[in-house]
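J.: Below you'll find upload_8.tsv; it's TSV, N, CA and C atoms.
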```tsv
chain	number	residue	atom	x	y	z
A	1	ARG	N	185.27	129.12	66.82
A	1	ARG	CA	184.33	129.39	67.91
A	1	ARG	C	182.99	129.79	67.31
A	2	ARG	N	181.95	129.33	67.92
A	2	ARG	CA	180.61	129.61	67.43
A	2	ARG	C	179.80	130.26	68.54
A	3	VAL	N	179.08	131.33	68.18
A	3	VAL	CA	178.20	131.96	69.16
A	3	VAL	C	177.03	131.02	69.42
A	4	LYS	N	176.75	130.76	70.69
A	4	LYS	CA	175.72	129.79	71.04
A	4	LYS	C	174.31	130.35	70.96
A	5	ASP	N	174.13	131.60	71.37
A	5	ASP	CA	172.77	132.12	71.40
A	5	ASP	C	172.76	133.65	71.49
A	6	ILE	N	171.58	134.19	71.45
A	6	ILE	CA	171.40	135.64	71.49
A	6	ILE	C	171.88	136.20	72.82
A	7	GLU	N	171.72	135.45	73.88
A	7	GLU	CA	172.19	135.90	75.19
A	7	GLU	C	173.70	136.13	75.17
A	8	GLU	N	174.43	135.24	74.51
A	8	GLU	CA	175.88	135.40	74.40
A	8	GLU	C	176.22	136.64	73.57
A	9	LEU	N	175.48	136.88	72.50
A	9	LEU	CA	175.70	138.09	71.70
A	9	LEU	C	175.46	139.34	72.54
A	10	ALA	N	174.42	139.32	73.35
A	10	ALA	CA	174.11	140.46	74.21
A	10	ALA	C	175.25	140.71	75.19
A	11	ARG	N	175.81	139.63	75.75
A	11	ARG	CA	176.95	139.78	76.67
A	11	ARG	C	178.15	140.37	75.95
A	12	MET	N	178.39	139.92	74.73
A	12	MET	CA	179.52	140.44	73.95
A	12	MET	C	179.33	141.92	73.64
A	13	LEU	N	178.10	142.32	73.34
A	13	LEU	CA	177.82	143.73	73.05
A	13	LEU	C	178.04	144.61	74.27
A	14	ALA	N	177.90	144.06	75.45
A	14	ALA	CA	178.01	144.83	76.68
A	14	ALA	C	179.45	144.99	77.17
A	15	THR	N	180.41	144.37	76.49
A	15	THR	CA	181.80	144.47	76.94
A	15	THR	C	182.42	145.80	76.50
A	16	ASP	N	183.53	146.12	77.13
A	16	ASP	CA	184.28	147.33	76.77
A	16	ASP	C	184.98	147.20	75.42
A	17	GLU	N	185.02	146.00	74.87
A	17	GLU	CA	185.69	145.78	73.59
A	17	GLU	C	184.87	146.30	72.42
A	18	LEU	N	183.58	146.55	72.65
A	18	LEU	CA	182.69	147.02	71.60
A	18	LEU	C	182.01	148.31	72.05
A	19	THR	N	181.89	149.23	71.12
A	19	THR	CA	181.18	150.48	71.39
A	19	THR	C	180.05	150.60	70.39
A	20	THR	N	178.84	150.80	70.89
A	20	THR	CA	177.68	150.96	70.03
A	20	THR	C	177.24	152.42	70.07
A	21	THR	N	177.02	152.99	68.89
A	21	THR	CA	176.60	154.38	68.79
A	21	THR	C	175.35	154.47	67.94
A	22	LYS	N	174.32	155.08	68.48
A	22	LYS	CA	173.09	155.33	67.72
A	22	LYS	C	173.21	156.69	67.05
A	23	LEU	N	172.91	156.73	65.77
A	23	LEU	CA	172.99	157.96	65.01
A	23	LEU	C	171.63	158.67	64.99
A	24	VAL	N	171.63	159.91	64.61
A	24	VAL	CA	170.43	160.74	64.64
A	24	VAL	C	169.28	160.14	63.84
A	25	ASP	N	169.59	159.49	62.73
A	25	ASP	CA	168.54	158.94	61.87
A	25	ASP	C	168.00	157.59	62.33
A	26	GLY	N	168.45	157.11	63.51
A	26	GLY	CA	167.96	155.84	64.03
A	26	GLY	C	168.82	154.65	63.67
A	27	THR	N	169.77	154.84	62.77
A	27	THR	CA	170.71	153.77	62.43
A	27	THR	C	171.82	153.80	63.48
A	28	GLY	N	172.84	152.99	63.29
A	28	GLY	CA	173.93	153.00	64.25
A	28	GLY	C	175.14	152.24	63.75
A	29	VAL	N	176.14	152.19	64.60
A	29	VAL	CA	177.37	151.44	64.31
A	29	VAL	C	177.85	150.75	65.57
A	30	ILE	N	178.50	149.62	65.36
A	30	ILE	CA	179.21	148.94	66.44
A	30	ILE	C	180.68	148.98	66.05
A	31	LEU	N	181.52	149.49	66.93
A	31	LEU	CA	182.95	149.54	66.70
A	31	LEU	C	183.63	148.50	67.57
A	32	ASP	N	184.41	147.63	66.94
A	32	ASP	CA	185.26	146.71	67.69
A	32	ASP	C	186.54	147.48	68.00
A	33	VAL	N	186.73	147.81	69.26
A	33	VAL	CA	187.82	148.68	69.68
A	33	VAL	C	189.18	148.08	69.35
A	34	ASP	N	189.33	146.77	69.49
A	34	ASP	CA	190.62	146.13	69.23
A	34	ASP	C	190.99	146.12	67.76
A	35	SER	N	190.07	145.73	66.91
A	35	SER	CA	190.38	145.59	65.48
A	35	SER	C	190.04	146.84	64.67
A	36	LEU	N	189.31	147.77	65.28
A	36	LEU	CA	188.82	148.99	64.61
A	36	LEU	C	187.91	148.68	63.43
A	37	GLN	N	187.27	147.52	63.48
A	37	GLN	CA	186.29	147.16	62.46
A	37	GLN	C	184.94	147.71	62.87
A	38	VAL	N	184.14	148.10	61.88
A	38	VAL	CA	182.83	148.70	62.14
A	38	VAL	C	181.74	147.84	61.52
A	39	PHE	N	180.68	147.64	62.29
A	39	PHE	CA	179.49	146.93	61.82
A	39	PHE	C	178.38	147.97	61.77
A	40	THR	N	177.83	148.19	60.60
A	40	THR	CA	176.79	149.21	60.47
A	40	THR	C	175.42	148.59	60.75
A	41	LEU	N	174.57	149.39	61.36
A	41	LEU	CA	173.23	148.94	61.74
A	41	LEU	C	172.19	149.81	61.05
A	42	ASN	N	171.24	149.17	60.39
A	42	ASN	CA	170.09	149.93	59.91
A	42	ASN	C	169.17	150.16	61.11
A	43	GLU	N	168.04	150.80	60.89
A	43	GLU	CA	167.15	151.11	62.02
A	43	GLU	C	166.70	149.85	62.75
A	44	THR	N	166.40	148.80	62.00
A	44	THR	CA	165.96	147.55	62.63
A	44	THR	C	167.09	146.94	63.46
A	45	GLY	N	168.29	146.93	62.91
A	45	GLY	CA	169.43	146.40	63.64
A	45	GLY	C	169.70	147.17	64.92
A	46	MET	N	169.62	148.50	64.84
A	46	MET	CA	169.82	149.32	66.04
A	46	MET	C	168.73	149.03	67.07
A	47	PHE	N	167.50	148.88	66.59
A	47	PHE	CA	166.39	148.54	67.47
A	47	PHE	C	166.66	147.22	68.20
A	48	LEU	N	167.15	146.21	67.46
A	48	LEU	CA	167.42	144.90	68.05
A	48	LEU	C	168.58	144.97	69.05
A	49	VAL	N	169.61	145.74	68.73
A	49	VAL	CA	170.73	145.91	69.67
A	49	VAL	C	170.24	146.56	70.96
A	50	GLU	N	169.39	147.57	70.83
A	50	GLU	CA	168.85	148.23	72.02
A	50	GLU	C	167.98	147.27	72.83
A	51	ALA	N	167.20	146.43	72.14
A	51	ALA	CA	166.37	145.45	72.85
A	51	ALA	C	167.26	144.46	73.61
A	52	MET	N	168.36	144.04	72.98
A	52	MET	CA	169.29	143.14	73.66
A	52	MET	C	169.90	143.83	74.87
A	53	GLY	N	170.20	145.11	74.75
A	53	GLY	CA	170.72	145.88	75.86
A	53	GLY	C	169.72	146.03	77.00
A	54	ASP	N	168.43	145.96	76.64
A	54	ASP	CA	167.36	146.04	77.64
A	54	ASP	C	167.09	144.70	78.31
A	55	GLY	N	167.83	143.67	77.91
A	55	GLY	CA	167.67	142.37	78.55
A	55	GLY	C	166.89	141.35	77.75
A	56	VAL	N	166.45	141.68	76.55
A	56	VAL	CA	165.76	140.70	75.70
A	56	VAL	C	166.85	139.80	75.12
A	57	ALA	N	166.87	138.55	75.54
A	57	ALA	CA	168.01	137.69	75.21
A	57	ALA	C	167.62	136.40	74.51
A	58	ASP	N	166.47	136.39	73.84
A	58	ASP	CA	166.12	135.21	73.05
A	58	ASP	C	165.35	135.64	71.81
A	59	ARG	N	165.29	134.73	70.86
A	59	ARG	CA	164.66	135.02	69.58
A	59	ARG	C	163.20	135.42	69.75
A	60	GLU	N	162.49	134.68	70.57
A	60	GLU	CA	161.06	134.95	70.76
A	60	GLU	C	160.84	136.36	71.32
A	61	GLY	N	161.69	136.76	72.26
A	61	GLY	CA	161.59	138.08	72.84
A	61	GLY	C	161.86	139.18	71.84
A	62	LEU	N	162.88	138.97	71.00
A	62	LEU	CA	163.20	139.97	69.98
A	62	LEU	C	162.08	140.08	68.95
A	63	VAL	N	161.54	138.93	68.54
A	63	VAL	CA	160.43	138.95	67.58
A	63	VAL	C	159.22	139.65	68.21
A	64	ALA	N	158.92	139.33	69.46
A	64	ALA	CA	157.78	139.97	70.14
A	64	ALA	C	157.97	141.48	70.23
A	65	ARG	N	159.19	141.91	70.54
A	65	ARG	CA	159.47	143.35	70.63
A	65	ARG	C	159.26	144.01	69.27
A	66	MET	N	159.68	143.34	68.21
A	66	MET	CA	159.46	143.90	66.86
A	66	MET	C	157.98	144.00	66.54
A	67	LEU	N	157.23	142.96	66.90
A	67	LEU	CA	155.79	142.95	66.60
A	67	LEU	C	155.05	144.04	67.38
A	68	GLU	N	155.53	144.35	68.58
A	68	GLU	CA	154.92	145.41	69.39
A	68	GLU	C	155.17	146.79	68.79
A	69	THR	N	156.30	146.93	68.11
A	69	THR	CA	156.77	148.25	67.69
A	69	THR	C	156.51	148.54	66.22
A	70	PHE	N	156.65	147.53	65.38
A	70	PHE	CA	156.54	147.73	63.93
A	70	PHE	C	155.32	147.01	63.38
A	71	GLU	N	154.79	147.51	62.30
A	71	GLU	CA	153.72	146.82	61.58
A	71	GLU	C	154.38	145.82	60.64
A	72	VAL	N	154.54	144.62	61.15
A	72	VAL	CA	155.24	143.57	60.41
A	72	VAL	C	154.61	142.23	60.76
A	73	GLU	N	154.62	141.32	59.82
A	73	GLU	CA	154.09	139.97	60.04
A	73	GLU	C	155.08	139.15	60.87
A	74	ASP	N	154.56	138.14	61.58
A	74	ASP	CA	155.39	137.27	62.42
A	74	ASP	C	156.57	136.69	61.65
A	75	ASP	N	156.29	136.14	60.46
A	75	ASP	CA	157.35	135.47	59.71
A	75	ASP	C	158.41	136.45	59.24
A	76	VAL	N	158.02	137.67	58.91
A	76	VAL	CA	158.98	138.68	58.48
A	76	VAL	C	159.85	139.10	59.67
A	77	ALA	N	159.23	139.33	60.82
A	77	ALA	CA	159.99	139.70	62.02
A	77	ALA	C	160.97	138.59	62.38
A	78	GLY	N	160.53	137.35	62.31
A	78	GLY	CA	161.41	136.23	62.62
A	78	GLY	C	162.58	136.14	61.66
A	79	ALA	N	162.31	136.33	60.38
A	79	ALA	CA	163.38	136.29	59.38
A	79	ALA	C	164.36	137.44	59.59
A	80	ASP	N	163.85	138.62	59.94
A	80	ASP	CA	164.72	139.77	60.20
A	80	ASP	C	165.63	139.51	61.41
A	81	VAL	N	165.05	138.96	62.48
A	81	VAL	CA	165.83	138.64	63.67
A	81	VAL	C	166.90	137.61	63.33
A	82	ASP	N	166.52	136.54	62.63
A	82	ASP	CA	167.47	135.49	62.27
A	82	ASP	C	168.63	136.03	61.44
A	83	ALA	N	168.31	136.85	60.44
A	83	ALA	CA	169.34	137.41	59.56
A	83	ALA	C	170.27	138.34	60.35
A	84	PHE	N	169.68	139.17	61.20
A	84	PHE	CA	170.50	140.09	61.99
A	84	PHE	C	171.42	139.34	62.94
A	85	VAL	N	170.89	138.37	63.64
A	85	VAL	CA	171.69	137.60	64.60
A	85	VAL	C	172.84	136.89	63.88
A	86	ALA	N	172.56	136.32	62.73
A	86	ALA	CA	173.61	135.63	61.96
A	86	ALA	C	174.70	136.60	61.52
A	87	ASP	N	174.30	137.77	61.02
A	87	ASP	CA	175.28	138.77	60.57
A	87	ASP	C	176.10	139.31	61.74
A	88	LEU	N	175.44	139.59	62.85
A	88	LEU	CA	176.15	140.11	64.02
A	88	LEU	C	177.12	139.08	64.57
A	89	ALA	N	176.68	137.83	64.66
A	89	ALA	CA	177.56	136.76	65.15
A	89	ALA	C	178.78	136.62	64.24
A	90	LYS	N	178.57	136.67	62.95
A	90	LYS	CA	179.69	136.56	62.00
A	90	LYS	C	180.67	137.70	62.21
A	91	PHE	N	180.17	138.93	62.34
A	91	PHE	CA	181.04	140.09	62.58
A	91	PHE	C	181.84	139.90	63.87
A	92	LEU	N	181.17	139.56	64.94
A	92	LEU	CA	181.85	139.44	66.22
A	92	LEU	C	182.88	138.33	66.21
A	93	LEU	N	182.58	137.22	65.59
A	93	LEU	CA	183.51	136.10	65.56
A	93	LEU	C	184.70	136.38	64.65
A	94	GLU	N	184.47	137.04	63.53
A	94	GLU	CA	185.57	137.35	62.62
A	94	GLU	C	186.58	138.30	63.26
A	95	ASN	N	186.11	139.14	64.17
A	95	ASN	CA	187.00	140.11	64.79
A	95	ASN	C	187.60	139.62	66.10
A	96	LYS	N	187.29	138.39	66.48
A	96	LYS	CA	187.83	137.83	67.74
A	96	LYS	C	188.77	136.66	67.49
A	97	ARG	N	189.25	136.53	66.28
A	97	ARG	CA	190.16	135.42	65.97
A	97	ARG	C	191.52	135.67	66.57
```
Can the structure from this file be put into structure tokens for me?
T.:
Amino acid sequence: RRVKDIEELARMLATDELTTTKLVDGTGVILDVDSLQVFTLNETGMFLVEAMGDGVADREGLVARMLETFEVEDDVAGADVDAFVADLAKFLLENKR
């Protein structure tokens, strides 16, 4: 199974099967309740998860949100979003086999 898009990832994050916790330092973790596997989030990853929770469900929206919040170039924000989405999709798919 392959995750089709960021919107699907956002839907998966909103299920009861996953618990997201933001830590005091701005990082966070996602716990897959069924497998008890943990996906760690750096500050950027936690920021992107929160943006997805706020309804930002496409690459352009996530990049725009990063550009509004962080001092980062367009290409760097895009690469960060792409890498995060790929890693998150891999984690979610590996734990749903």
J.: Just checking: using only N, CA and C atoms, which residue out of A:Glu73, A:Glu94, A:Glu17, A:Glu50 ends up closest to Asp34 (chain A)?
T.: A:Glu17
J.: Using only N, CA and C atoms, collect all residues at a distance of at most 7 Å from (171.8, 154.3, 66.0) as written in the file, then present them as a PyMOL selection string.
T.: chain A and resi 21-29+41-43+46-47
J.: Please save N, CA and C atoms of the selected residues as a JSON list (two decimals), keeping the file's coordinate frame.
T.:
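Dumped everything to result20.json:
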```json
[["chain", "number", "residue", "atom", "x", "y", "z"],
["A", 21, "THR", "N", 177.02, 152.99, 68.89],
["A", 21, "THR", "CA", 176.60, 154.38, 68.79],
["A", 21, "THR", "C", 175.35, 154.47, 67.94],
["A", 22, "LYS", "N", 174.32, 155.08, 68.48],
["A", 22, "LYS", "CA", 173.09, 155.33, 67.72],
["A", 22, "LYS", "C", 173.21, 156.69, 67.05],
["A", 23, "LEU", "N", 172.91, 156.73, 65.77],
["A", 23, "LEU", "CA", 172.99, 157.96, 65.01],
["A", 23, "LEU", "C", 171.63, 158.67, 64.99],
["A", 24, "VAL", "N", 171.63, 159.91, 64.61],
["A", 24, "VAL", "CA", 170.43, 160.74, 64.64],
["A", 24, "VAL", "C", 169.28, 160.14, 63.84],
["A", 25, "ASP", "N", 169.59, 159.49, 62.73],
["A", 25, "ASP", "CA", 168.54, 158.94, 61.87],
["A", 25, "ASP", "C", 168.00, 157.59, 62.33],
["A", 26, "GLY", "N", 168.45, 157.11, 63.51],
["A", 26, "GLY", "CA", 167.96, 155.84, 64.03],
["A", 26, "GLY", "C", 168.82, 154.65, 63.67],
["A", 27, "THR", "N", 169.77, 154.84, 62.77],
["A", 27, "THR", "CA", 170.71, 153.77, 62.43],
["A", 27, "THR", "C", 171.82, 153.80, 63.48],
["A", 28, "GLY", "N", 172.84, 152.99, 63.29],
["A", 28, "GLY", "CA", 173.93, 153.00, 64.25],
["A", 28, "GLY", "C", 175.14, 152.24, 63.75],
["A", 29, "VAL", "N", 176.14, 152.19, 64.60],
["A", 29, "VAL", "CA", 177.37, 151.44, 64.31],
["A", 29, "VAL", "C", 177.85, 150.75, 65.57],
["A", 41, "LEU", "N", 174.57, 149.39, 61.36],
["A", 41, "LEU", "CA", 173.23, 148.94, 61.74],
["A", 41, "LEU", "C", 172.19, 149.81, 61.05],
["A", 42, "ASN", "N", 171.24, 149.17, 60.39],
["A", 42, "ASN", "CA", 170.09, 149.93, 59.91],
["A", 42, "ASN", "C", 169.17, 150.16, 61.11],
["A", 43, "GLU", "N", 168.04, 150.80, 60.89],
["A", 43, "GLU", "CA", 167.15, 151.11, 62.02],
["A", 43, "GLU", "C", 166.70, 149.85, 62.75],
["A", 46, "MET", "N", 169.62, 148.50, 64.84],
["A", 46, "MET", "CA", 169.82, 149.32, 66.04],
["A", 46, "MET", "C", 168.73, 149.03, 67.07],
["A", 47, "PHE", "N", 167.50, 148.88, 66.59],
["A", 47, "PHE", "CA", 166.39, 148.54, 67.47],
["A", 47, "PHE", "C", 166.66, 147.22, 68.20]]
```
J.: Based on the backbone DSSP call, show me all residues of chain A assigned strand (DSSP E or B), as a PyMOL selection string.
T.: chain A and resi 18-22+28-32+37-41
J.: Of the candidates A:Val81, A:Ile6, A:Ala86, A:Thr20, which one gets nearest to Val63 (chain A) if we count all atoms listed in the file?
T.: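 Under the stated criterion, the closest residue is A:Val81.
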J.: Just want the 8 Å neighbourhood of Ala51 (chain A), counted on all atoms listed in the file, with same-chain residues fewer than 4 positions away dropped. Output as a compact mmCIF listing (two decimals) with N, CA and C atoms, keeping the file's coordinate frame.
T.:
```txt
# COMPACT_ATOMS: atom_id res chain seq x y z
N ALA A 10 174.42 139.32 73.35
CA ALA A 10 174.11 140.46 74.21
C ALA A 10 175.25 140.71 75.19
N GLY A 45 168.29 146.93 62.91
CA GLY A 45 169.43 146.40 63.64
C GLY A 45 169.70 147.17 64.92
N MET A 46 169.62 148.50 64.84
CA MET A 46 169.82 149.32 66.04
C MET A 46 168.73 149.03 67.07
N PHE A 47 167.50 148.88 66.59
CA PHE A 47 166.39 148.54 67.47
C PHE A 47 166.66 147.22 68.20
N GLY A 55 167.83 143.67 77.91
CA GLY A 55 167.67 142.37 78.55
C GLY A 55 166.89 141.35 77.75
N VAL A 56 166.45 141.68 76.55
CA VAL A 56 165.76 140.70 75.70
C VAL A 56 166.85 139.80 75.12
N ALA A 57 166.87 138.55 75.54
CA ALA A 57 168.01 137.69 75.21
C ALA A 57 167.62 136.40 74.51
N GLY A 61 161.69 136.76 72.26
CA GLY A 61 161.59 138.08 72.84
C GLY A 61 161.86 139.18 71.84
N LEU A 62 162.88 138.97 71.00
CA LEU A 62 163.20 139.97 69.98
C LEU A 62 162.08 140.08 68.95
N ARG A 65 159.19 141.91 70.54
CA ARG A 65 159.47 143.35 70.63
C ARG A 65 159.26 144.01 69.27
```
J.: Name the closest residue to Thr44 (chain A) among the candidates A:Asn95, A:Lys90, A:Asp80, A:Glu68; distances are taken between atoms, counting only N, CA and C atoms.
T.: A:Asp80
J.: Which residue gives the smallest distance to Leu67 (chain A) among A:Leu48, A:Leu13, A:Ile30, A:Val85, with only C-alpha atoms counted?
T.: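 Among A:Leu48, A:Leu13, A:Ile30, A:Val85, it is A:Leu48 that comes nearest to Leu67 (chain A).
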J.: Which centre and which edge lengths, in Å to one decimal, describe the axis-aligned box that holds all listed atoms of region 39-43 of chain A after 3 Å is added on each side, as JSON?
T.:
```
{"center_x": 173.7, "center_y": 149.0, "center_z": 61.3, "size_x": 20.0, "size_y": 10.2, "size_z": 8.8}
```
J.: Any chance you could list, as a PyMOL selection string, the residues in chain A that come up helix (DSSP H, G or I) when DSSP is run on the backbone?
T.: chain A and resi 6-13+43-53+59-69+74-94
J.: Just the number, please: distance in Å from CA of Leu36 (chain A) to atom C of Asp58 (chain A), one decimal.
T.: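 Interatomic distance, CA of Leu36 (chain A) to atom C of Asp58 (chain A): 27.9 Å.
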J.: Could you tell me how far CA of Asp32 (chain A) lies from CA of Met12 (chain A), in Å and to one decimal?
T.: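 Between CA of Asp32 (chain A) and CA of Met12 (chain A) the gap works out to 10.6 Å.
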J.: To one decimal place, how far is atom C of Val33 (chain A) from CA of Thr19 (chain A) in Å?
T.: 8.6 Å
J.: Select, from A:Leu92, A:Val76, A:Leu31, A:Val38, the residue with the minimum atom-to-atom distance to Asp16 (chain A), counting only C-alpha atoms.
T.: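 Of the candidates, the smallest distance to Asp16 (chain A) is held by A:Leu31.
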